[in-house]
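Structure data follow from upload.txt (compact mmCIF, N, CA and C atoms):
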```txt
# COMPACT_ATOMS: atom_id res chain seq x y z
N MET A 589 0.84 -1.18 0.00
CA MET A 589 0.00 0.00 0.00
C MET A 589 0.89 1.24 0.00
N LEU A 590 0.52 2.19 -0.84
CA LEU A 590 1.27 3.44 -0.89
C LEU A 590 0.60 4.52 -0.05
N SER A 591 -0.73 4.62 -0.17
CA SER A 591 -1.48 5.61 0.60
C SER A 591 -2.96 5.24 0.56
N HIS A 592 -3.77 5.97 1.32
CA HIS A 592 -5.22 5.76 1.24
C HIS A 592 -5.95 7.04 1.60
N THR A 593 -7.13 7.16 1.02
CA THR A 593 -8.04 8.25 1.32
C THR A 593 -9.39 7.61 1.58
N GLY A 594 -9.84 7.66 2.80
CA GLY A 594 -11.10 7.00 3.15
C GLY A 594 -10.98 5.50 2.90
N SER A 595 -11.87 4.94 2.09
CA SER A 595 -11.87 3.51 1.81
C SER A 595 -11.17 3.16 0.49
N THR A 596 -10.51 4.14 -0.12
CA THR A 596 -9.77 3.90 -1.36
C THR A 596 -8.28 3.87 -1.05
N TYR A 597 -7.64 2.79 -1.48
CA TYR A 597 -6.22 2.58 -1.24
C TYR A 597 -5.45 2.62 -2.55
N GLN A 598 -4.30 3.27 -2.50
CA GLN A 598 -3.41 3.29 -3.66
C GLN A 598 -2.36 2.20 -3.44
N ILE A 599 -2.31 1.24 -4.39
CA ILE A 599 -1.39 0.12 -4.24
C ILE A 599 -0.49 0.01 -5.46
N LYS A 600 0.64 -0.63 -5.26
CA LYS A 600 1.59 -0.88 -6.35
C LYS A 600 1.69 -2.38 -6.55
N HIS A 601 1.38 -2.84 -7.77
CA HIS A 601 1.39 -4.27 -8.07
C HIS A 601 2.83 -4.79 -8.07
N LEU A 602 3.05 -5.93 -7.44
CA LEU A 602 4.40 -6.49 -7.33
C LEU A 602 5.00 -6.90 -8.67
N ALA A 603 4.18 -7.41 -9.60
CA ALA A 603 4.72 -7.95 -10.85
C ALA A 603 5.00 -6.87 -11.88
N ASP A 604 4.06 -5.96 -12.09
CA ASP A 604 4.25 -4.97 -13.16
C ASP A 604 4.51 -3.55 -12.65
N HIS A 605 4.48 -3.36 -11.34
CA HIS A 605 4.77 -2.08 -10.68
C HIS A 605 3.79 -0.96 -11.04
N LYS A 606 2.63 -1.33 -11.57
CA LYS A 606 1.61 -0.32 -11.88
C LYS A 606 0.91 0.10 -10.59
N ILE A 607 0.62 1.38 -10.51
CA ILE A 607 -0.07 1.93 -9.34
C ILE A 607 -1.56 2.02 -9.66
N THR A 608 -2.37 1.51 -8.73
CA THR A 608 -3.82 1.43 -8.94
C THR A 608 -4.54 1.86 -7.68
N ASN A 609 -5.70 2.45 -7.85
CA ASN A 609 -6.57 2.77 -6.72
C ASN A 609 -7.63 1.68 -6.62
N VAL A 610 -7.80 1.12 -5.42
CA VAL A 610 -8.79 0.07 -5.21
C VAL A 610 -9.56 0.34 -3.93
N HIS A 611 -10.80 -0.16 -3.89
CA HIS A 611 -11.62 -0.05 -2.70
C HIS A 611 -11.14 -1.07 -1.68
N VAL A 612 -11.20 -0.72 -0.43
CA VAL A 612 -10.73 -1.58 0.65
C VAL A 612 -11.37 -2.97 0.60
N SER A 613 -12.58 -3.08 0.11
CA SER A 613 -13.27 -4.37 0.05
C SER A 613 -12.59 -5.35 -0.91
N ARG A 614 -11.75 -4.86 -1.81
CA ARG A 614 -11.04 -5.73 -2.77
C ARG A 614 -9.69 -6.20 -2.25
N LEU A 615 -9.29 -5.73 -1.09
CA LEU A 615 -7.99 -6.10 -0.54
C LEU A 615 -8.11 -7.33 0.35
N GLU A 616 -7.09 -8.18 0.28
CA GLU A 616 -7.03 -9.36 1.14
C GLU A 616 -5.65 -9.43 1.77
N ASN A 617 -5.60 -9.97 2.96
CA ASN A 617 -4.33 -10.16 3.63
C ASN A 617 -3.59 -11.31 2.95
N PHE A 618 -2.32 -11.13 2.63
CA PHE A 618 -1.52 -12.17 1.98
C PHE A 618 -0.51 -12.70 2.98
N ARG A 619 -0.64 -13.98 3.30
CA ARG A 619 0.30 -14.62 4.22
C ARG A 619 1.02 -15.71 3.45
N SER A 620 2.34 -15.72 3.60
CA SER A 620 3.12 -16.76 2.92
C SER A 620 4.42 -17.00 3.66
N ASP A 621 5.02 -18.09 3.35
CA ASP A 621 6.34 -18.42 3.87
C ASP A 621 7.35 -17.94 2.84
N ALA A 622 8.07 -16.88 3.15
CA ALA A 622 9.00 -16.27 2.20
C ALA A 622 10.11 -17.22 1.77
N THR A 623 10.36 -18.27 2.52
CA THR A 623 11.39 -19.23 2.13
C THR A 623 10.87 -20.23 1.10
N ARG A 624 9.54 -20.29 0.93
CA ARG A 624 8.95 -21.26 0.00
C ARG A 624 8.17 -20.62 -1.14
N VAL A 625 7.68 -19.40 -0.94
CA VAL A 625 6.83 -18.76 -1.93
C VAL A 625 7.35 -17.36 -2.24
N ASP A 626 7.50 -17.06 -3.51
CA ASP A 626 7.92 -15.73 -3.94
C ASP A 626 6.66 -14.91 -4.24
N PRO A 627 6.38 -13.86 -3.48
CA PRO A 627 5.17 -13.06 -3.72
C PRO A 627 5.10 -12.47 -5.13
N VAL A 628 6.24 -12.17 -5.75
CA VAL A 628 6.23 -11.62 -7.11
C VAL A 628 5.71 -12.68 -8.08
N THR A 629 6.09 -13.92 -7.89
CA THR A 629 5.60 -15.01 -8.74
C THR A 629 4.09 -15.15 -8.62
N ILE A 630 3.60 -15.11 -7.40
CA ILE A 630 2.16 -15.21 -7.16
C ILE A 630 1.44 -14.04 -7.84
N ALA A 631 1.98 -12.84 -7.70
CA ALA A 631 1.36 -11.65 -8.30
C ALA A 631 1.35 -11.74 -9.81
N ALA A 632 2.43 -12.22 -10.42
CA ALA A 632 2.49 -12.34 -11.88
C ALA A 632 1.47 -13.35 -12.38
N LYS A 633 1.35 -14.47 -11.68
CA LYS A 633 0.36 -15.47 -12.09
C LYS A 633 -1.06 -14.93 -11.92
N ASP A 634 -1.28 -14.15 -10.87
CA ASP A 634 -2.58 -13.56 -10.64
C ASP A 634 -2.96 -12.61 -11.77
N GLN A 635 -2.00 -11.89 -12.29
CA GLN A 635 -2.22 -10.95 -13.39
C GLN A 635 -2.23 -11.67 -14.74
N ARG A 636 -1.93 -12.98 -14.72
CA ARG A 636 -1.78 -13.76 -15.95
C ARG A 636 -0.77 -13.09 -16.88
N GLU A 637 0.34 -12.69 -16.26
CA GLU A 637 1.43 -12.05 -17.00
C GLU A 637 2.29 -13.14 -17.61
N PHE A 638 2.55 -13.02 -18.90
CA PHE A 638 3.35 -14.00 -19.60
C PHE A 638 4.55 -13.33 -20.23
N ILE A 639 5.73 -13.66 -19.70
CA ILE A 639 6.98 -13.15 -20.22
C ILE A 639 7.79 -14.35 -20.69
N VAL A 640 8.28 -14.27 -21.91
CA VAL A 640 9.08 -15.37 -22.44
C VAL A 640 10.40 -15.41 -21.68
N GLU A 641 10.64 -16.51 -20.97
CA GLU A 641 11.90 -16.69 -20.26
C GLU A 641 12.93 -17.36 -21.16
N GLU A 642 12.46 -18.36 -21.92
CA GLU A 642 13.39 -19.13 -22.75
C GLU A 642 12.63 -19.81 -23.87
N ILE A 643 13.28 -19.93 -25.02
CA ILE A 643 12.76 -20.76 -26.10
C ILE A 643 13.47 -22.10 -25.98
N LEU A 644 12.70 -23.18 -25.87
CA LEU A 644 13.27 -24.49 -25.63
C LEU A 644 13.56 -25.26 -26.93
N GLU A 645 12.68 -25.10 -27.92
CA GLU A 645 12.87 -25.76 -29.21
C GLU A 645 11.90 -25.15 -30.22
N HIS A 646 11.99 -25.63 -31.45
CA HIS A 646 11.10 -25.14 -32.50
C HIS A 646 10.70 -26.27 -33.42
N LEU A 647 9.60 -26.07 -34.13
CA LEU A 647 9.11 -26.98 -35.17
C LEU A 647 8.60 -26.15 -36.33
N PRO A 648 8.70 -26.56 -37.55
CA PRO A 648 9.39 -27.76 -38.00
C PRO A 648 10.90 -27.57 -37.92
N LEU A 649 11.60 -28.67 -37.80
CA LEU A 649 13.05 -28.62 -37.66
C LEU A 649 13.75 -28.40 -39.00
N HIS A 650 13.16 -28.85 -40.07
CA HIS A 650 13.78 -28.70 -41.39
C HIS A 650 13.40 -27.36 -42.02
N GLN A 651 14.35 -26.66 -42.53
CA GLN A 651 14.18 -25.37 -43.20
C GLN A 651 13.22 -24.43 -42.46
N PRO A 652 13.47 -24.14 -41.20
CA PRO A 652 12.54 -23.31 -40.43
C PRO A 652 12.35 -21.90 -41.01
N ALA A 653 13.39 -21.32 -41.58
CA ALA A 653 13.27 -19.96 -42.10
C ALA A 653 12.36 -19.89 -43.32
N LYS A 654 12.18 -21.00 -44.02
CA LYS A 654 11.33 -21.01 -45.21
C LYS A 654 9.88 -21.33 -44.88
N ASN A 655 9.61 -21.79 -43.68
CA ASN A 655 8.25 -22.19 -43.29
C ASN A 655 7.71 -21.29 -42.19
N ARG A 656 7.84 -20.00 -42.34
CA ARG A 656 7.45 -19.08 -41.27
C ARG A 656 6.00 -19.23 -40.83
N SER A 657 5.11 -19.51 -41.76
CA SER A 657 3.69 -19.61 -41.39
C SER A 657 3.39 -20.83 -40.53
N THR A 658 4.24 -21.86 -40.58
CA THR A 658 4.01 -23.05 -39.77
C THR A 658 5.00 -23.17 -38.62
N LEU A 659 5.91 -22.22 -38.50
CA LEU A 659 6.95 -22.25 -37.47
C LEU A 659 6.36 -21.98 -36.09
N GLU A 660 6.71 -22.84 -35.13
CA GLU A 660 6.26 -22.67 -33.75
C GLU A 660 7.45 -22.87 -32.81
N PHE A 661 7.35 -22.22 -31.66
CA PHE A 661 8.41 -22.29 -30.65
C PHE A 661 7.82 -22.79 -29.34
N LEU A 662 8.56 -23.66 -28.69
CA LEU A 662 8.16 -24.12 -27.36
C LEU A 662 8.71 -23.11 -26.36
N VAL A 663 7.81 -22.43 -25.67
CA VAL A 663 8.17 -21.33 -24.78
C VAL A 663 8.06 -21.75 -23.33
N LYS A 664 9.11 -21.43 -22.57
CA LYS A 664 9.06 -21.52 -21.12
C LYS A 664 8.78 -20.11 -20.63
N TRP A 665 7.70 -19.96 -19.87
CA TRP A 665 7.27 -18.65 -19.38
C TRP A 665 7.91 -18.35 -18.04
N LYS A 666 8.32 -17.11 -17.88
CA LYS A 666 8.88 -16.67 -16.60
C LYS A 666 7.79 -16.76 -15.54
N TYR A 667 8.16 -17.23 -14.35
CA TYR A 667 7.29 -17.43 -13.20
C TYR A 667 6.47 -18.72 -13.28
N TYR A 668 6.55 -19.45 -14.39
CA TYR A 668 5.80 -20.69 -14.55
C TYR A 668 6.81 -21.83 -14.67
N ASP A 669 7.05 -22.54 -13.56
CA ASP A 669 8.13 -23.51 -13.51
C ASP A 669 7.74 -24.94 -13.85
N ASP A 670 6.46 -25.24 -13.86
CA ASP A 670 6.02 -26.58 -14.20
C ASP A 670 6.15 -26.77 -15.72
N PRO A 671 6.86 -27.81 -16.17
CA PRO A 671 7.01 -28.03 -17.61
C PRO A 671 5.68 -28.12 -18.37
N GLU A 672 4.62 -28.52 -17.68
CA GLU A 672 3.31 -28.59 -18.33
C GLU A 672 2.76 -27.19 -18.67
N GLU A 673 3.35 -26.15 -18.08
CA GLU A 673 2.92 -24.78 -18.37
C GLU A 673 3.64 -24.19 -19.58
N ASN A 674 4.66 -24.90 -20.10
CA ASN A 674 5.30 -24.46 -21.34
C ASN A 674 4.27 -24.60 -22.46
N SER A 675 4.39 -23.78 -23.49
CA SER A 675 3.41 -23.87 -24.58
C SER A 675 4.04 -23.55 -25.93
N TRP A 676 3.41 -24.10 -26.96
CA TRP A 676 3.83 -23.85 -28.33
C TRP A 676 3.20 -22.55 -28.81
N VAL A 677 4.03 -21.66 -29.33
CA VAL A 677 3.58 -20.34 -29.76
C VAL A 677 4.02 -20.13 -31.21
N PRO A 678 3.11 -19.67 -32.08
CA PRO A 678 3.49 -19.46 -33.48
C PRO A 678 4.45 -18.29 -33.65
N TRP A 679 5.26 -18.36 -34.69
CA TRP A 679 6.23 -17.31 -35.02
C TRP A 679 5.55 -15.95 -35.09
N ALA A 680 4.36 -15.89 -35.65
CA ALA A 680 3.66 -14.61 -35.81
C ALA A 680 3.46 -13.89 -34.47
N ASP A 681 3.34 -14.64 -33.38
CA ASP A 681 3.15 -14.02 -32.06
C ASP A 681 4.46 -13.63 -31.39
N LEU A 682 5.59 -14.03 -31.97
CA LEU A 682 6.90 -13.77 -31.34
C LEU A 682 7.83 -12.94 -32.21
N THR A 683 7.32 -12.38 -33.29
CA THR A 683 8.20 -11.66 -34.23
C THR A 683 8.86 -10.44 -33.62
N ASN A 684 8.34 -9.91 -32.53
CA ASN A 684 8.95 -8.75 -31.87
C ASN A 684 9.55 -9.10 -30.51
N ASN A 685 9.74 -10.37 -30.24
CA ASN A 685 10.21 -10.81 -28.94
C ASN A 685 11.72 -11.02 -28.95
N LYS A 686 12.40 -10.33 -28.06
CA LYS A 686 13.87 -10.36 -28.01
C LYS A 686 14.41 -11.75 -27.67
N THR A 687 13.77 -12.46 -26.77
CA THR A 687 14.23 -13.80 -26.39
C THR A 687 14.14 -14.75 -27.59
N CYS A 688 13.08 -14.64 -28.35
CA CYS A 688 12.93 -15.45 -29.55
C CYS A 688 13.99 -15.07 -30.58
N HIS A 689 14.25 -13.78 -30.72
CA HIS A 689 15.29 -13.32 -31.66
C HIS A 689 16.66 -13.88 -31.28
N ARG A 690 16.99 -13.88 -29.99
CA ARG A 690 18.26 -14.45 -29.54
C ARG A 690 18.36 -15.92 -29.92
N TYR A 691 17.27 -16.65 -29.69
CA TYR A 691 17.23 -18.07 -30.02
C TYR A 691 17.47 -18.26 -31.52
N CYS A 692 16.76 -17.51 -32.33
CA CYS A 692 16.90 -17.64 -33.79
C CYS A 692 18.30 -17.26 -34.25
N TYR A 693 18.84 -16.21 -33.69
CA TYR A 693 20.16 -15.71 -34.10
C TYR A 693 21.25 -16.73 -33.80
N THR A 694 21.08 -17.50 -32.73
CA THR A 694 22.12 -18.45 -32.32
C THR A 694 21.83 -19.88 -32.76
N THR A 695 20.71 -20.13 -33.43
CA THR A 695 20.35 -21.46 -33.90
C THR A 695 20.67 -21.59 -35.38
N PRO A 696 21.46 -22.58 -35.78
CA PRO A 696 21.82 -22.74 -37.19
C PRO A 696 20.59 -22.80 -38.10
N GLY A 697 20.66 -22.05 -39.20
CA GLY A 697 19.58 -22.03 -40.18
C GLY A 697 18.43 -21.10 -39.86
N MET A 698 18.52 -20.37 -38.75
CA MET A 698 17.39 -19.52 -38.35
C MET A 698 17.75 -18.04 -38.26
N ARG A 699 19.00 -17.69 -38.43
CA ARG A 699 19.44 -16.31 -38.27
C ARG A 699 18.67 -15.34 -39.17
N SER A 700 18.27 -15.81 -40.35
CA SER A 700 17.57 -14.92 -41.30
C SER A 700 16.18 -14.51 -40.80
N LEU A 701 15.65 -15.18 -39.79
CA LEU A 701 14.36 -14.79 -39.22
C LEU A 701 14.43 -13.47 -38.46
N VAL A 702 15.62 -13.12 -38.00
CA VAL A 702 15.78 -11.91 -37.20
C VAL A 702 16.01 -10.73 -38.13
N ALA A 703 15.07 -9.79 -38.13
CA ALA A 703 15.19 -8.60 -38.98
C ALA A 703 16.42 -7.79 -38.56
N LYS A 704 17.06 -7.17 -39.52
CA LYS A 704 18.27 -6.39 -39.25
C LYS A 704 18.06 -5.34 -38.18
N LYS A 705 16.87 -4.74 -38.15
CA LYS A 705 16.61 -3.67 -37.17
C LYS A 705 16.65 -4.18 -35.72
N TYR A 706 16.52 -5.50 -35.50
CA TYR A 706 16.55 -6.06 -34.16
C TYR A 706 17.92 -6.58 -33.75
N ARG A 707 18.80 -6.82 -34.70
CA ARG A 707 20.08 -7.48 -34.41
C ARG A 707 20.98 -6.70 -33.48
N ASP A 708 20.98 -5.38 -33.55
CA ASP A 708 21.84 -4.57 -32.68
C ASP A 708 21.42 -4.62 -31.22
N HIS A 709 20.16 -4.96 -30.96
CA HIS A 709 19.63 -4.91 -29.60
C HIS A 709 19.42 -6.30 -29.00
N LEU A 710 19.92 -7.31 -29.65
CA LEU A 710 19.65 -8.68 -29.22
C LEU A 710 20.14 -9.03 -27.83
N PHE A 711 21.27 -8.54 -27.44
CA PHE A 711 21.87 -9.03 -26.21
C PHE A 711 21.88 -7.99 -25.09
N SER A 712 20.97 -6.99 -25.16
CA SER A 712 20.81 -6.09 -24.03
C SER A 712 19.94 -6.77 -22.99
N ASP A 713 19.85 -6.23 -21.79
CA ASP A 713 19.22 -6.93 -20.68
C ASP A 713 17.73 -6.70 -20.51
N SER A 714 17.10 -5.84 -21.27
CA SER A 714 15.68 -5.57 -21.04
C SER A 714 14.84 -6.78 -21.41
N GLU A 715 13.74 -6.96 -20.69
CA GLU A 715 12.83 -8.08 -20.93
C GLU A 715 11.67 -7.62 -21.78
N ASP A 716 10.99 -8.58 -22.38
CA ASP A 716 9.81 -8.24 -23.16
C ASP A 716 8.77 -9.33 -23.02
N GLU A 717 7.54 -8.98 -23.29
CA GLU A 717 6.44 -9.92 -23.19
C GLU A 717 6.22 -10.57 -24.54
N ALA A 718 5.42 -11.59 -24.53
CA ALA A 718 5.12 -12.28 -25.77
C ALA A 718 4.28 -11.41 -26.67
```

This structure in structure tokens:
Amino acid sequence: MLSHTGSTYQIKHLADHKITNVHVSRLENFRSDATRVDPVTIAAKDQREFIVEEILEHLPLHQPAKNRSTLEFLVKWKYYDDPEENSWVPWADLTNNKTCHRYCYTTPGMRSLVAKKYRDHLFSDSEDEA
């Protein structure tokens, strides 16, 4: 909580750091064991926030750069550690994603998928969403 006026509280979300005004009736006490549960992970899942943490593989394996319309990537999402939460995402949904660009740039036969305008920024530290 940042501040409050009457029954309206100004809060900052742990996952995306957005500041929001909410009525006191929407607030709940959060109790957790900090050694077992990361509150930021819980907040991100609550917001259904999906950030590409890693590209694990791609299909089809043969001539991927020539089959862009059928190209899919197996994505591991940040804050989602169960392998069953990984999902296949089409190239069209990842064309602006830096993590996907890094994967393509370093995978043989896929470098041409990365547009020249993105190549200079591939290895900076900022994160991006799907």

So, counting only N, CA and C atoms, which residue among A:Pro671, A:Val640, A:His689, A:Pro678 is closest to A:Ser657?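 Of the candidates, the smallest distance to A:Ser657 is held by A:Pro678.
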
Sel. of alpha helix (DSSP H) residues, chain A, as a VMD selection string: chain A and resid 627 to 634 686 to 694 704 to 707

With distances taken over all atoms listed in the file, which of A:Leu662, A:Lys654, A:Arg614, A:Lys686 is nearest to A:Asn674?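 Counting all atoms listed in the file, the residue closest to A:Asn674 is A:Leu662.
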
Considering all atoms listed in the file, give me a table of residues in stretch 590-679 of chain A that are at most 7 Å from stretch 690-705 of chain A, with the closest atom pair and distance in Å for each, as a tab-separated table.
```
residue	atom	partner	partner_atom	distance
A:Ile643	CA	A:Tyr691	CA	6.5
A:Gln651	C	A:Gly697	C	6.7
A:Pro652	N	A:Gly697	C	6.0
A:Ala653	N	A:Gly697	C	5.3
```

What does the distance between atom CA of A:Phe661 and atom CA of A:Val677 come to in Å, to one decimal place? 5.3 Å

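Take the candidates A:Ser620, A:Ser675, A:Asn684, A:Ser613 and check each one against A:Ser595 using only N, CA and C atoms; the shortest distance goes to A:Ser613.
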